[in-house]
$ cat work_15.tsv   # TSV, C-alpha atoms and all ligand atoms
chain	number	residue	atom	x	y	z
I	776	MET	CA	35.48	-56.11	21.81
I	777	ASP	CA	33.96	-53.11	20.03
I	778	THR	CA	34.90	-53.45	16.38
I	779	HIS	CA	33.09	-50.37	15.11
I	780	PRO	CA	35.26	-47.91	13.22
I	781	SER	CA	35.45	-44.48	14.76
I	782	PHE	CA	36.22	-40.84	14.11
I	783	LEU	CA	36.81	-37.82	16.32
I	784	ILE	CA	34.51	-34.93	17.15
I	785	ASP	CA	36.39	-32.22	19.02
I	786	GLY	CA	38.88	-34.91	20.06
I	787	GLN	CA	36.21	-37.27	21.38
I	788	GLU	CA	36.05	-40.71	19.79
I	789	VAL	CA	32.71	-41.52	18.18
I	790	ALA	CA	31.95	-45.01	16.85
I	791	PHE	CA	29.91	-45.35	13.68
I	792	GLN	CA	28.32	-47.94	11.45
I	793	ALA	CA	29.01	-48.04	7.73
I	794	GLY	CA	26.79	-45.60	5.88
I	795	GLN	CA	26.10	-43.39	8.88
I	796	THR	CA	26.65	-39.68	8.59
I	797	VAL	CA	28.64	-37.70	11.14
I	798	LEU	CA	25.38	-36.29	12.52
I	799	GLN	CA	23.74	-39.72	12.86
I	800	ALA	CA	26.79	-41.16	14.61
I	801	ALA	CA	27.08	-38.13	16.90
I	802	LEU	CA	23.41	-38.26	17.86
I	803	ALA	CA	23.64	-42.01	18.48
I	804	ALA	CA	26.61	-41.31	20.76
I	805	GLY	CA	24.56	-38.78	22.70
I	806	LEU	CA	26.38	-35.71	21.33
I	807	ASN	CA	24.23	-32.75	20.57
I	808	ILE	CA	24.82	-31.22	17.16
I	809	PRO	CA	22.00	-28.76	16.54
I	810	HIS	CA	20.08	-29.50	13.36
I	811	LEU	CA	16.87	-28.40	11.69
I	812	CYS	CA	16.43	-30.08	8.33
I	813	PHE	CA	17.65	-33.53	9.32
I	814	ASN	CA	14.97	-36.05	10.15
I	815	PRO	CA	15.83	-39.71	10.74
I	816	GLU	CA	12.79	-40.78	8.72
I	817	LEU	CA	14.10	-39.05	5.60
I	818	GLU	CA	17.21	-38.82	3.45
I	819	PRO	CA	19.56	-36.01	4.54
I	820	ILE	CA	18.68	-32.75	2.84
I	821	GLY	CA	21.49	-30.45	3.95
I	822	SER	CA	19.57	-27.22	3.50
I	823	CYS	CA	19.61	-25.44	6.87
I	824	ARG	CA	23.37	-25.62	7.54
I	825	LEU	CA	22.83	-25.49	11.27
I	826	CYS	CA	24.69	-28.78	11.76
I	827	LEU	CA	27.84	-27.03	10.54
I	828	VAL	CA	31.17	-28.75	11.31
I	829	GLU	CA	34.71	-28.32	10.04
I	830	VAL	CA	37.11	-30.88	8.62
I	831	ALA	CA	40.60	-29.74	7.64
I	832	GLY	CA	39.33	-26.17	7.52
I	833	CYS	CA	36.39	-27.01	5.22
I	834	LYS	CA	32.92	-26.23	6.49
I	835	LEU	CA	30.49	-29.09	5.90
I	836	SER	CA	27.02	-30.14	6.97
I	837	ALA	CA	27.31	-32.99	9.48
I	838	CYS	CA	24.02	-34.42	8.22
I	839	THR	CA	25.39	-35.05	4.72
I	840	LEU	CA	29.00	-35.83	5.64
I	841	LEU	CA	29.61	-39.57	5.67
I	842	ALA	CA	31.46	-40.79	8.74
I	843	GLU	CA	34.89	-42.17	7.89
I	844	GLU	CA	37.50	-43.88	9.98
I	845	GLY	CA	39.99	-41.42	11.42
I	846	LEU	CA	38.10	-38.26	10.39
I	847	ALA	CA	38.86	-35.33	12.71
I	848	VAL	CA	35.72	-33.22	12.96
I	849	GLN	CA	35.56	-29.86	14.70
I	850	HIS	CA	32.20	-28.81	16.04
I	851	ASP	CA	32.43	-26.73	19.17
I	852	THR	CA	34.91	-24.01	18.22
I	853	PRO	CA	34.43	-20.26	18.75
I	854	ARG	CA	34.35	-19.68	14.98
I	855	LEU	CA	31.70	-22.34	14.36
I	856	ARG	CA	29.65	-21.17	17.33
I	857	GLN	CA	29.69	-17.68	15.85
I	858	LEU	CA	28.67	-18.95	12.42
I	859	ARG	CA	25.89	-21.09	13.87
I	860	MET	CA	24.58	-18.12	15.79
I	861	ALA	CA	24.67	-15.99	12.62
I	862	LEU	CA	22.77	-18.70	10.71
I	863	LEU	CA	20.20	-19.02	13.42
I	864	THR	CA	19.69	-15.27	13.68
I	865	PHE	CA	19.33	-15.13	9.91
I	866	LEU	CA	16.65	-17.83	9.99
I	867	LEU	CA	14.82	-16.08	12.79
I	868	GLU	CA	14.90	-12.78	10.94
I	869	GLN	CA	13.57	-14.33	7.75
I	870	GLY	CA	10.25	-15.24	9.33
I	871	LYS	CA	7.55	-14.23	11.73
I	872	HIS	CA	8.50	-16.36	14.69
I	873	THR	CA	6.34	-15.13	17.51
I	874	CYS	CA	6.40	-18.30	19.55
I	875	ILE	CA	3.69	-17.33	21.99
I	876	ARG	CA	1.18	-17.17	19.14
I	877	CYS	CA	2.31	-20.36	17.42
I	878	GLU	CA	0.53	-23.72	17.68
I	879	ARG	CA	3.86	-25.50	17.59
I	880	THR	CA	5.41	-23.71	20.52
I	881	GLY	CA	7.20	-26.24	22.66
I	882	ASP	CA	7.44	-28.61	19.71
I	883	CYS	CA	9.54	-26.54	17.34
I	884	ARG	CA	13.14	-27.22	16.39
I	885	LEU	CA	13.84	-23.59	15.61
I	886	GLN	CA	12.56	-22.59	19.02
I	887	ASP	CA	14.68	-25.32	20.65
I	888	ALA	CA	17.78	-24.09	18.84
I	889	ALA	CA	17.02	-20.44	19.64
I	890	ILE	CA	16.67	-21.31	23.30
I	891	ALA	CA	19.80	-23.45	23.31
I	892	PHE	CA	21.84	-20.66	21.71
I	893	ASP	CA	20.02	-17.85	23.42
I	894	ALA	CA	19.44	-16.40	19.96
I	895	ARG	CA	16.91	-13.71	19.35
I	896	THR	CA	16.41	-10.90	16.94
I	897	GLU	CA	15.38	-7.32	17.14
I	898	ALA	CA	14.06	-7.47	13.56
I	899	ASP	CA	10.57	-6.07	13.24
I	900	SER	CA	8.65	-8.74	11.34
I	901	ALA	CA	5.60	-6.44	11.13
I	902	SER	CA	7.38	-4.36	8.49
I	903	GLN	CA	8.50	-7.37	6.46
I	904	VAL	CA	6.66	-8.69	3.43
I	905	PHE	CA	6.12	-12.46	3.41
I	906	PRO	CA	4.61	-14.74	0.79
I	907	PRO	CA	0.91	-15.36	1.48
I	908	ASN	CA	-0.20	-17.88	4.07
I	909	ASP	CA	-2.70	-20.54	3.02
I	910	ASP	CA	-5.60	-21.02	5.39
I	911	SER	CA	-7.94	-22.50	2.80
I	912	HIS	CA	-7.97	-26.08	4.07
I	913	PRO	CA	-10.27	-27.15	6.92
I	914	GLU	CA	-7.58	-29.16	8.74
I	915	VAL	CA	-4.16	-27.87	7.69
I	916	SER	CA	-2.57	-24.42	7.52
I	917	LEU	CA	0.49	-23.37	5.59
I	918	ASN	CA	2.10	-20.41	7.34
I	919	ARG	CA	4.66	-19.35	4.80
I	920	ASP	CA	5.80	-16.57	7.11
I	921	ARG	CA	7.21	-19.27	9.39
I	922	CYS	CA	8.62	-21.55	6.69
I	923	ILE	CA	12.38	-22.00	6.91
I	924	LEU	CA	12.51	-23.62	3.44
I	925	CYS	CA	14.04	-26.78	4.81
I	926	GLY	CA	12.45	-29.09	2.24
I	927	ILE	CA	11.32	-31.72	4.75
I	928	CYS	CA	7.66	-31.57	3.68
I	929	ILE	CA	8.64	-31.93	0.02
I	930	GLN	CA	10.49	-35.17	0.69
I	931	ALA	CA	8.01	-36.44	3.28
I	932	SER	CA	5.06	-35.87	0.97
I	933	ARG	CA	6.84	-37.66	-1.86
I	934	LYS	CA	8.43	-40.52	0.02
I	935	LEU	CA	6.25	-41.15	3.04
I	936	ASP	CA	2.81	-39.94	1.93
I	937	GLY	CA	3.21	-40.83	-1.76
I	938	LYS	CA	1.52	-37.55	-2.70
I	939	ASN	CA	4.14	-35.11	-4.00
I	940	LEU	CA	2.22	-32.07	-2.81
I	941	PHE	CA	4.97	-29.51	-2.34
I	942	THR	CA	7.78	-27.90	-4.25
I	943	PHE	CA	9.94	-24.78	-4.08
I	944	ALA	CA	9.44	-21.96	-6.55
I	945	GLY	CA	11.63	-18.93	-7.12
I	946	LYS	CA	15.24	-18.34	-6.19
I	947	GLY	CA	17.24	-16.67	-3.46
I	948	GLY	CA	15.18	-14.31	-1.32
I	949	ASP	CA	12.10	-14.93	-3.48
I	950	MET	CA	12.05	-18.67	-2.89
I	951	MET	CA	8.84	-20.03	-1.41
I	952	LEU	CA	7.05	-23.30	-0.80
I	953	THR	CA	4.27	-23.93	-3.29
I	954	VAL	CA	1.40	-26.40	-3.21
I	955	GLU	CA	0.86	-28.74	-6.13
I	956	SER	CA	-2.86	-28.31	-6.72
I	957	PRO	CA	-4.92	-26.78	-9.56
I	958	SER	CA	-5.43	-23.55	-7.61
I	959	GLY	CA	-2.12	-23.68	-5.75
I	960	LEU	CA	-4.13	-23.82	-2.54
I	961	LEU	CA	-4.17	-26.52	0.11
I	962	LYS	CA	-7.95	-26.89	-0.15
I	963	ASP	CA	-7.62	-28.29	-3.68
I	964	SER	CA	-4.79	-30.64	-2.77
I	965	ALA	CA	-4.87	-34.17	-1.38
I	966	ILE	CA	-3.38	-33.09	1.95
I	967	SER	CA	-4.66	-34.54	5.19
I	968	ALA	CA	-3.91	-33.53	8.77
I	969	ASP	CA	-2.38	-36.98	9.33
I	970	ASP	CA	0.18	-36.62	6.56
I	971	HIS	CA	3.80	-37.15	7.52
I	972	ALA	CA	4.58	-33.89	5.72
I	973	VAL	CA	2.52	-32.03	8.31
I	974	ARG	CA	3.86	-34.05	11.23
I	975	LEU	CA	7.52	-33.62	10.28
I	976	CYS	CA	7.57	-29.88	9.58
I	977	PRO	CA	10.18	-28.79	12.12
I	978	VAL	CA	8.55	-25.41	12.78
I	979	GLY	CA	5.05	-24.00	12.82
I	980	ALA	CA	4.83	-23.57	9.07
I	981	LEU	CA	2.75	-26.58	8.13
I	982	THR	CA	0.39	-27.17	11.01
I	983	ARG	CA	-2.77	-29.01	11.90
I	984	LYS	CA	-5.65	-26.72	12.70
I	985	HIS	CA	-7.15	-27.26	16.10
I	986	HIS	CA	-3.72	-28.55	17.07
I	987	PRO	CA	-3.43	-28.58	20.83
I	988	VAL	CA	-0.59	-26.30	21.87
I	989	GLN	CA	2.29	-28.60	22.80
I	990	ALA	CA	3.56	-26.57	25.69
I	991	SER	CA	2.79	-23.21	27.11
I	992	PHE	CA	5.16	-20.70	28.59
I	993	SER	CA	3.73	-21.45	31.98
I	994	SER	CA	4.70	-25.08	31.46
I	995	PHE	CA	8.25	-23.97	30.66
I	996	ASP	CA	8.26	-22.21	34.01
I	997	GLY	CA	7.83	-25.62	35.58
I	998	PHE	CA	11.32	-26.70	34.50
I	999	GLU	CA	13.13	-25.54	37.56
I	1000	GLY	CA	16.81	-24.95	37.28
I	1001	MET	CA	16.66	-24.37	33.51
I	1002	ASP	CA	17.54	-20.82	32.74
I	1003	TRP	CA	16.37	-20.29	29.18
I	1004	GLY	CA	16.18	-16.54	29.54
I	1005	MET	CA	12.65	-16.76	28.13
I	1006	PRO	CA	11.11	-13.34	27.74
I	1007	THR	CA	7.38	-12.94	28.42
I	1008	GLU	CA	6.69	-12.66	24.71
I	1009	PHE	CA	9.30	-14.86	23.13
I	1010	SER	CA	9.49	-13.05	19.85
I	1011	VAL	CA	12.78	-14.50	18.75
G	961	MET	CA	49.18	-32.16	-2.98
G	962	ASN	CA	48.87	-32.09	-6.75
G	963	ASN	CA	51.50	-34.73	-7.25
G	964	ALA	CA	51.61	-37.06	-10.19
G	965	GLU	CA	51.68	-40.19	-8.10
G	966	HIS	CA	48.05	-41.03	-8.61
G	967	GLY	CA	48.19	-44.17	-10.69
G	968	TRP	CA	45.14	-43.07	-12.63
G	969	ALA	CA	46.36	-39.62	-13.66
G	970	ASP	CA	47.61	-40.77	-17.07
G	971	THR	CA	44.20	-42.02	-18.11
G	972	ALA	CA	41.74	-39.99	-16.02
G	973	ARG	CA	41.63	-36.51	-14.51
G	974	LEU	CA	39.20	-34.23	-12.78
G	975	ILE	CA	37.71	-30.76	-13.01
G	976	LEU	CA	36.80	-29.59	-9.51
G	977	TYR	CA	34.31	-26.86	-8.72
G	978	HIS	CA	32.25	-25.36	-5.94
G	979	SER	CA	28.73	-24.03	-6.27
G	980	GLN	CA	27.17	-21.85	-3.60
G	981	SER	CA	23.83	-23.39	-2.69
G	982	THR	CA	22.13	-20.07	-2.06
G	983	SER	CA	23.42	-18.00	-4.98
G	984	ALA	CA	24.50	-20.83	-7.34
G	985	ARG	CA	27.78	-18.89	-7.81
G	986	THR	CA	30.09	-21.40	-9.43
G	987	LEU	CA	33.85	-21.35	-9.04
G	988	PHE	CA	36.41	-23.73	-10.55
G	989	LEU	CA	39.64	-24.75	-8.89
G	990	ARG	CA	42.61	-23.41	-10.84
G	991	HIS	CA	46.00	-24.74	-9.85
G	992	ASP	CA	49.21	-22.74	-9.64
G	993	SER	CA	50.08	-24.02	-13.13
G	994	GLY	CA	47.07	-22.12	-14.48
G	995	SER	CA	45.32	-25.40	-15.26
G	996	VAL	CA	41.85	-26.38	-14.06
G	997	ILE	CA	42.66	-30.05	-14.50
G	998	THR	CA	43.46	-32.12	-11.40
G	999	PRO	CA	45.84	-33.60	-10.43
G	1000	LYS	CA	48.01	-32.30	-13.31
G	1001	PRO	CA	47.51	-30.20	-16.44
G	1002	LEU	CA	46.76	-31.71	-19.82
G	1003	PRO	CA	49.76	-32.27	-22.11
G	1004	PRO	CA	50.22	-29.34	-24.53
G	1005	LEU	CA	49.04	-31.17	-27.64
G	1006	SER	CA	45.74	-32.40	-26.25
G	1007	THR	CA	42.41	-31.91	-27.97
G	1008	MET	CA	38.94	-32.44	-26.59
G	1009	LEU	CA	36.92	-35.14	-28.31
G	1010	ASP	CA	33.26	-34.68	-29.14
G	1011	GLU	CA	31.00	-37.38	-27.76
G	1012	GLU	CA	30.68	-39.09	-31.13
G	1013	GLU	CA	34.49	-39.32	-31.29
G	1014	PHE	CA	34.83	-40.98	-27.86
G	1015	ASN	CA	37.34	-43.75	-27.90
G	1016	LEU	CA	36.36	-46.32	-25.34
G	1017	ALA	CA	38.72	-49.00	-26.62
G	1018	GLU	CA	41.84	-46.96	-25.89
G	1019	CYS	CA	40.97	-45.29	-22.64
G	1020	GLY	CA	42.74	-47.92	-20.54
G	1021	VAL	CA	41.42	-49.65	-17.45
G	1022	PHE	CA	38.14	-48.02	-16.60
G	1023	LEU	CA	38.16	-46.52	-13.14
G	1024	HIS	CA	34.93	-45.30	-11.67
G	1025	PRO	CA	35.23	-41.55	-11.04
G	1026	ALA	CA	34.21	-42.14	-7.41
G	1027	THR	CA	37.41	-44.15	-7.02
G	1028	LEU	CA	39.48	-41.25	-8.33
G	1029	ILE	CA	37.81	-38.92	-5.91
G	1030	ARG	CA	38.33	-41.23	-2.97
G	1031	ASP	CA	41.98	-41.53	-3.87
G	1032	TYR	CA	42.41	-37.79	-4.34
G	1033	CYS	CA	40.69	-36.94	-1.05
G	1034	LEU	CA	42.73	-39.55	0.77
G	1035	ASP	CA	45.85	-37.88	-0.57
G	1036	LEU	CA	44.66	-34.56	0.85
G	1037	GLY	CA	43.69	-36.15	4.16
G	1038	LEU	CA	40.06	-35.22	3.55
G	1039	PRO	CA	36.80	-37.12	3.81
G	1040	SER	CA	35.84	-38.56	0.44
G	1041	SER	CA	32.38	-37.04	0.69
G	1042	LEU	CA	34.04	-33.62	0.37
G	1043	LEU	CA	33.80	-34.23	-3.38
G	1044	GLN	CA	30.85	-35.55	-5.29
G	1045	VAL	CA	31.01	-36.80	-8.87
G	1046	GLU	CA	28.82	-35.02	-11.39
G	1047	GLY	CA	27.71	-38.26	-13.03
G	1048	GLU	CA	26.29	-36.62	-16.14
G	1049	PHE	CA	29.65	-35.29	-17.23
G	1050	HIS	CA	32.24	-37.36	-19.03
G	1051	GLY	CA	34.81	-35.76	-21.30
G	1052	GLN	CA	37.61	-37.29	-23.31
G	1053	VAL	CA	40.84	-35.76	-24.46
G	1054	ASP	CA	43.11	-37.09	-27.18
G	1055	ALA	CA	46.59	-36.53	-25.75
G	1056	PRO	CA	50.01	-37.60	-27.09
G	1057	GLY	CA	50.19	-40.39	-24.50
G	1058	GLY	CA	46.68	-41.70	-25.25
G	1059	ILE	CA	43.08	-40.97	-24.35
G	1060	ILE	CA	42.43	-39.19	-21.04
G	1061	SER	CA	38.96	-39.30	-19.49
G	1062	ILE	CA	37.84	-36.15	-17.70
G	1063	TYR	CA	35.29	-36.16	-14.88
G	1064	LEU	CA	33.62	-33.35	-13.04
G	1065	ALA	CA	33.35	-33.24	-9.25
G	1066	ARG	CA	31.77	-30.74	-6.87
G	1067	PHE	CA	33.06	-29.69	-3.49
G	1068	THR	CA	30.25	-30.37	-1.03
G	1069	CYS	CA	31.53	-27.95	1.63
G	1070	ILE	CA	29.57	-24.81	2.33
G	1071	ASP	CA	32.22	-22.39	1.04
G	1072	PRO	CA	34.96	-23.02	-1.52
G	1073	PRO	CA	37.86	-24.64	0.41
G	1074	ARG	CA	40.27	-21.83	-0.47
G	1075	GLN	CA	42.64	-22.44	2.42
G	1076	LEU	CA	43.21	-26.05	1.41
G	1077	PHE	CA	44.71	-25.04	-1.91
G	1078	ALA	CA	46.12	-21.61	-1.12
G	1079	ASP	CA	49.54	-22.91	-0.03
G	1080	GLN	CA	50.02	-24.55	-3.42
G	1081	GLY	CA	48.82	-21.48	-5.28
G	1082	GLY	CA	45.40	-22.95	-6.04
G	1083	LYS	CA	42.53	-20.49	-6.50
G	1084	PHE	CA	38.79	-20.70	-7.00
G	1085	CYS	CA	37.83	-18.74	-10.11
G	1086	ALA	CA	34.67	-17.87	-11.99
G	1087	ILE	CA	34.59	-19.17	-15.55
G	1088	THR	CA	35.06	-15.61	-16.84
G	1089	GLU	CA	38.44	-15.40	-15.07
G	1090	LEU	CA	39.66	-18.52	-16.79
G	1091	ARG	CA	39.72	-17.26	-20.36
G	1092	GLY	CA	42.88	-17.78	-22.37
G	1093	GLY	CA	43.79	-21.18	-20.97
G	1094	HIS	CA	44.66	-24.35	-22.88
G	1095	PRO	CA	42.09	-24.67	-25.73
G	1096	ALA	CA	41.15	-28.24	-24.72
G	1097	GLU	CA	40.67	-27.12	-21.12
G	1098	MET	CA	38.52	-24.20	-22.21
G	1099	ALA	CA	36.35	-26.51	-24.31
G	1100	LEU	CA	36.01	-28.93	-21.38
G	1101	LEU	CA	35.20	-26.08	-18.99
G	1102	GLN	CA	32.47	-24.84	-21.26
G	1103	ARG	CA	30.89	-28.29	-21.34
G	1104	ALA	CA	31.30	-28.66	-17.59
G	1105	TYR	CA	29.63	-25.31	-17.02
G	1106	GLN	CA	26.69	-26.30	-19.23
G	1107	THR	CA	26.31	-29.51	-17.22
G	1108	ILE	CA	26.36	-27.61	-13.91
G	1109	MET	CA	23.83	-25.06	-15.10
G	1110	GLY	CA	21.57	-27.90	-16.30
H	1	LIG	S1	6.60	-25.99	5.46
H	1	LIG	FE1	7.82	-26.78	7.16
H	1	LIG	S2	8.73	-28.67	6.36
H	1	LIG	FE2	8.00	-27.52	4.59
H	1	LIG	S3	9.79	-26.36	3.89
H	1	LIG	FE3	8.62	-25.02	5.28
H	1	LIG	S4	9.56	-25.35	7.28
H	1	LIG	FE4	10.23	-27.04	6.00
H	2	LIG	S1	20.54	-30.48	9.65
H	2	LIG	FE1	22.29	-30.51	8.43
H	2	LIG	S2	22.01	-28.95	7.02
H	2	LIG	FE2	20.17	-28.98	8.19
$ encode --input "work_15.tsv" --output "structure tokens"
Amino acid sequence: MDTHPSFLIDGQEVAFQAGQTVLQAALAAGLNIPHLCFNPELEPIGSCRLCLVEVAGCKLSACTLLAEEGLAVQHDTPRLRQLRMALLTFLLEQGKHTCIRCERTGDCRLQDAAIAFDARTEADSASQVFPPNDDSHPEVSLNRDRCILCGICIQASRKLDGKNLFTFAGKGGDMMLTVESPSGLLKDSAISADDHAVRLCPVGALTRKHHPVQASFSSFDGFEGMDWGMPTEFSV
Amino acid sequence: MNNAEHGWADTARLILYHSQSTSARTLFLRHDSGSVITPKPLPPLSTMLDEEEFNLAECGVFLHPATLIRDYCLDLGLPSSLLQVEGEFHGQVDAPGGIISIYLARFTCIDPPRQLFADQGGKFCAITELRGGHPAEMALLQRAYQTIMG
């Protein structure tokens, strides 16, 4: 007999183990709650808000909400879909996400979510001002114009790499990822292309140089029957 | 919702607030009574104690603030992780019935849960809108605000 406690997501019973969050339990049950800043190798961060759910009318992040017996979670409602779309569009508009020119295309959570939601933006990133990119290191690039400020690299560098190389500086719209090195540049830091911080960046912000492109648009074409509405230049 | 049936309410109470993660805009829950203390207002003759005046001997059975929060959320039919204790804050009030411990807890939801409290006349207010309340509450609020702002 299954003795796991359970809760409901949109009326569907989901079993969980003590200490699991709603997102972890949902993913384990095969339910797809879109998420960007959650990574199973790290503690939940709760920064991107894409995993938005509602409990008793309160909007919460599923990745930080502990699963509890009897909880009734709403996920797939018109209101939440609309909010998720707004969040996603906002994220896309805050950066220079020209997938066709990005090394991480095909291996990017933001791209996955944009495709899943058919989200795109008309915003002209060419006229936007972004914090400077850092191309100083021979193996690793920091493309701040693609950074979604999720905080994954900060935690990964601290906890998995034992290096503590990143932090956020500034507030609100001026917030940016900074490198802990004497010059503030990657070249003077202890970063390596094999660092977990680089591997776990969910978008093409912290990337390995000479990184083989994960998938090309022609390879997407190979997925017959999947209508992703992919434009020729997927400038989402 | 804000009933007095919580066994702990005579010795421990809460100040509840919400802070917007993007703008850090901080709002406190004010009940219909005008009080920011949950689950019921402080007695009229209460005074806040300074830390050096804390009376640990008389503050009754010590309940961990997380227990209070779990109990309070259960009463509202909400997940207990909707509220998170601000561990750095502990206030004490000398009230006619004895010492009352005051804890601070933050709503973890993305927006202030206005709807949850609207039926009972609860409102989320900035500290500037809360002037003129019970002097002990105002003193506690000021300390709570300093804790939140770090
Ligand atoms: S560099 Fe990548 S992992 Fe780090 S904050 Fe930006 S998006 Fe997140
Ligand atoms: S995945 Fe939950 S807030 Fe980002």
$ closest_atom_pairs --input "work_15.tsv" --of "chain I" --to "chain G" --cutoff "12 Å" --atoms "all atoms listed in the file" --output "JSON lines"
{"residue": "I:Phe782", "atom": "CA", "partner": "G:Pro1039", "partner_atom": "CA", "distance": 11.0}
{"residue": "I:Gly794", "atom": "CA", "partner": "G:Ser1041", "partner_atom": "CA", "distance": 11.5}
{"residue": "I:Thr796", "atom": "CA", "partner": "G:Ser1041", "partner_atom": "CA", "distance": 10.1}
{"residue": "I:Val797", "atom": "CA", "partner": "G:Pro1039", "partner_atom": "CA", "distance": 11.0}
{"residue": "I:Gly821", "atom": "CA", "partner": "G:Ser981", "partner_atom": "CA", "distance": 10.0}
{"residue": "I:Ser822", "atom": "CA", "partner": "G:Ser981", "partner_atom": "CA", "distance": 8.4}
{"residue": "I:Cys823", "atom": "CA", "partner": "G:Ser981", "partner_atom": "CA", "distance": 10.6}
{"residue": "I:Arg824", "atom": "CA", "partner": "G:Ile1070", "partner_atom": "CA", "distance": 8.1}
{"residue": "I:Leu825", "atom": "CA", "partner": "G:Ile1070", "partner_atom": "CA", "distance": 11.2}
{"residue": "I:Cys826", "atom": "CA", "partner": "G:Ile1070", "partner_atom": "CA", "distance": 11.3}
{"residue": "I:Leu827", "atom": "CA", "partner": "G:Ile1070", "partner_atom": "CA", "distance": 8.7}
{"residue": "I:Val828", "atom": "CA", "partner": "G:Cys1069", "partner_atom": "CA", "distance": 9.7}
{"residue": "I:Glu829", "atom": "CA", "partner": "G:Cys1069", "partner_atom": "CA", "distance": 9.0}
{"residue": "I:Val830", "atom": "CA", "partner": "G:Leu1038", "partner_atom": "CA", "distance": 7.3}
{"residue": "I:Ala831", "atom": "CA", "partner": "G:Leu1038", "partner_atom": "CA", "distance": 6.9}
{"residue": "I:Gly832", "atom": "CA", "partner": "G:Gln1075", "partner_atom": "CA", "distance": 7.1}
{"residue": "I:Cys833", "atom": "CA", "partner": "G:Pro1073", "partner_atom": "CA", "distance": 5.6}
{"residue": "I:Lys834", "atom": "CA", "partner": "G:Cys1069", "partner_atom": "CA", "distance": 5.3}
{"residue": "I:Leu835", "atom": "CA", "partner": "G:Cys1069", "partner_atom": "CA", "distance": 4.5}
{"residue": "I:Ser836", "atom": "CA", "partner": "G:Cys1069", "partner_atom": "CA", "distance": 7.3}
{"residue": "I:Ala837", "atom": "CA", "partner": "G:Cys1069", "partner_atom": "CA", "distance": 10.2}
{"residue": "I:Cys838", "atom": "CA", "partner": "G:Ser1041", "partner_atom": "CA", "distance": 11.6}
{"residue": "I:Thr839", "atom": "CA", "partner": "G:Ser1041", "partner_atom": "CA", "distance": 8.3}
{"residue": "I:Leu840", "atom": "CA", "partner": "G:Ser1041", "partner_atom": "CA", "distance": 6.1}
{"residue": "I:Leu841", "atom": "CA", "partner": "G:Ser1041", "partner_atom": "CA", "distance": 6.2}
{"residue": "I:Ala842", "atom": "CA", "partner": "G:Pro1039", "partner_atom": "CA", "distance": 8.1}
{"residue": "I:Glu843", "atom": "CA", "partner": "G:Pro1039", "partner_atom": "CA", "distance": 6.8}
{"residue": "I:Glu844", "atom": "CA", "partner": "G:Pro1039", "partner_atom": "CA", "distance": 9.2}
{"residue": "I:Gly845", "atom": "CA", "partner": "G:Pro1039", "partner_atom": "CA", "distance": 9.3}
{"residue": "I:Leu846", "atom": "CA", "partner": "G:Pro1039", "partner_atom": "CA", "distance": 6.8}
{"residue": "I:Ala847", "atom": "CA", "partner": "G:Leu1038", "partner_atom": "CA", "distance": 9.2}
{"residue": "I:Val848", "atom": "CA", "partner": "G:Pro1039", "partner_atom": "CA", "distance": 10.0}
{"residue": "I:Leu858", "atom": "CA", "partner": "G:Ile1070", "partner_atom": "CA", "distance": 11.7}
{"residue": "I:Leu924", "atom": "CA", "partner": "G:Thr982", "partner_atom": "CA", "distance": 11.6}
{"residue": "I:Gly945", "atom": "CA", "partner": "G:Thr982", "partner_atom": "CA", "distance": 11.7}
{"residue": "I:Lys946", "atom": "CA", "partner": "G:Thr982", "partner_atom": "CA", "distance": 8.2}
{"residue": "I:Gly947", "atom": "CA", "partner": "G:Thr982", "partner_atom": "CA", "distance": 6.1}
{"residue": "I:Gly948", "atom": "CA", "partner": "G:Thr982", "partner_atom": "CA", "distance": 9.1}
{"residue": "I:Asp949", "atom": "CA", "partner": "G:Thr982", "partner_atom": "CA", "distance": 11.4}
{"residue": "I:Met950", "atom": "CA", "partner": "G:Thr982", "partner_atom": "CA", "distance": 10.2}
$ residues_near_ligand --input "work_15.tsv" --ligand "ligand LIG 1 (chain H)" --cutoff "9 Å" --atoms "all atoms listed in the file" --output "compact mmCIF listing (two decimals) with C-alpha atoms, in the coordinates of the input"
# COMPACT_ATOMS: atom_id res chain seq x y z
CA LEU I 811 16.87 -28.40 11.69
CA CYS I 812 16.43 -30.08 8.33
CA LEU I 917 0.49 -23.37 5.59
CA ASN I 918 2.10 -20.41 7.34
CA ARG I 919 4.66 -19.35 4.80
CA ARG I 921 7.21 -19.27 9.39
CA CYS I 922 8.62 -21.55 6.69
CA ILE I 923 12.38 -22.00 6.91
CA LEU I 924 12.51 -23.62 3.44
CA CYS I 925 14.04 -26.78 4.81
CA GLY I 926 12.45 -29.09 2.24
CA ILE I 927 11.32 -31.72 4.75
CA CYS I 928 7.66 -31.57 3.68
CA ILE I 929 8.64 -31.93 0.02
CA GLN I 930 10.49 -35.17 0.69
CA ALA I 931 8.01 -36.44 3.28
CA PHE I 941 4.97 -29.51 -2.34
CA THR I 942 7.78 -27.90 -4.25
CA PHE I 943 9.94 -24.78 -4.08
CA MET I 951 8.84 -20.03 -1.41
CA LEU I 952 7.05 -23.30 -0.80
CA ALA I 972 4.58 -33.89 5.72
CA VAL I 973 2.52 -32.03 8.31
CA ARG I 974 3.86 -34.05 11.23
CA LEU I 975 7.52 -33.62 10.28
CA CYS I 976 7.57 -29.88 9.58
CA PRO I 977 10.18 -28.79 12.12
CA VAL I 978 8.55 -25.41 12.78
CA GLY I 979 5.05 -24.00 12.82
CA ALA I 980 4.83 -23.57 9.07
CA LEU I 981 2.75 -26.58 8.13
CA THR I 982 0.39 -27.17 11.01
$ closest_residue --input "work_15.tsv" --among "G:Gly1093, G:Asp1079, G:Glu1048, G:His1024" --to "Thr971 (chain G)" --atoms "only C-alpha atoms"
G:His1024
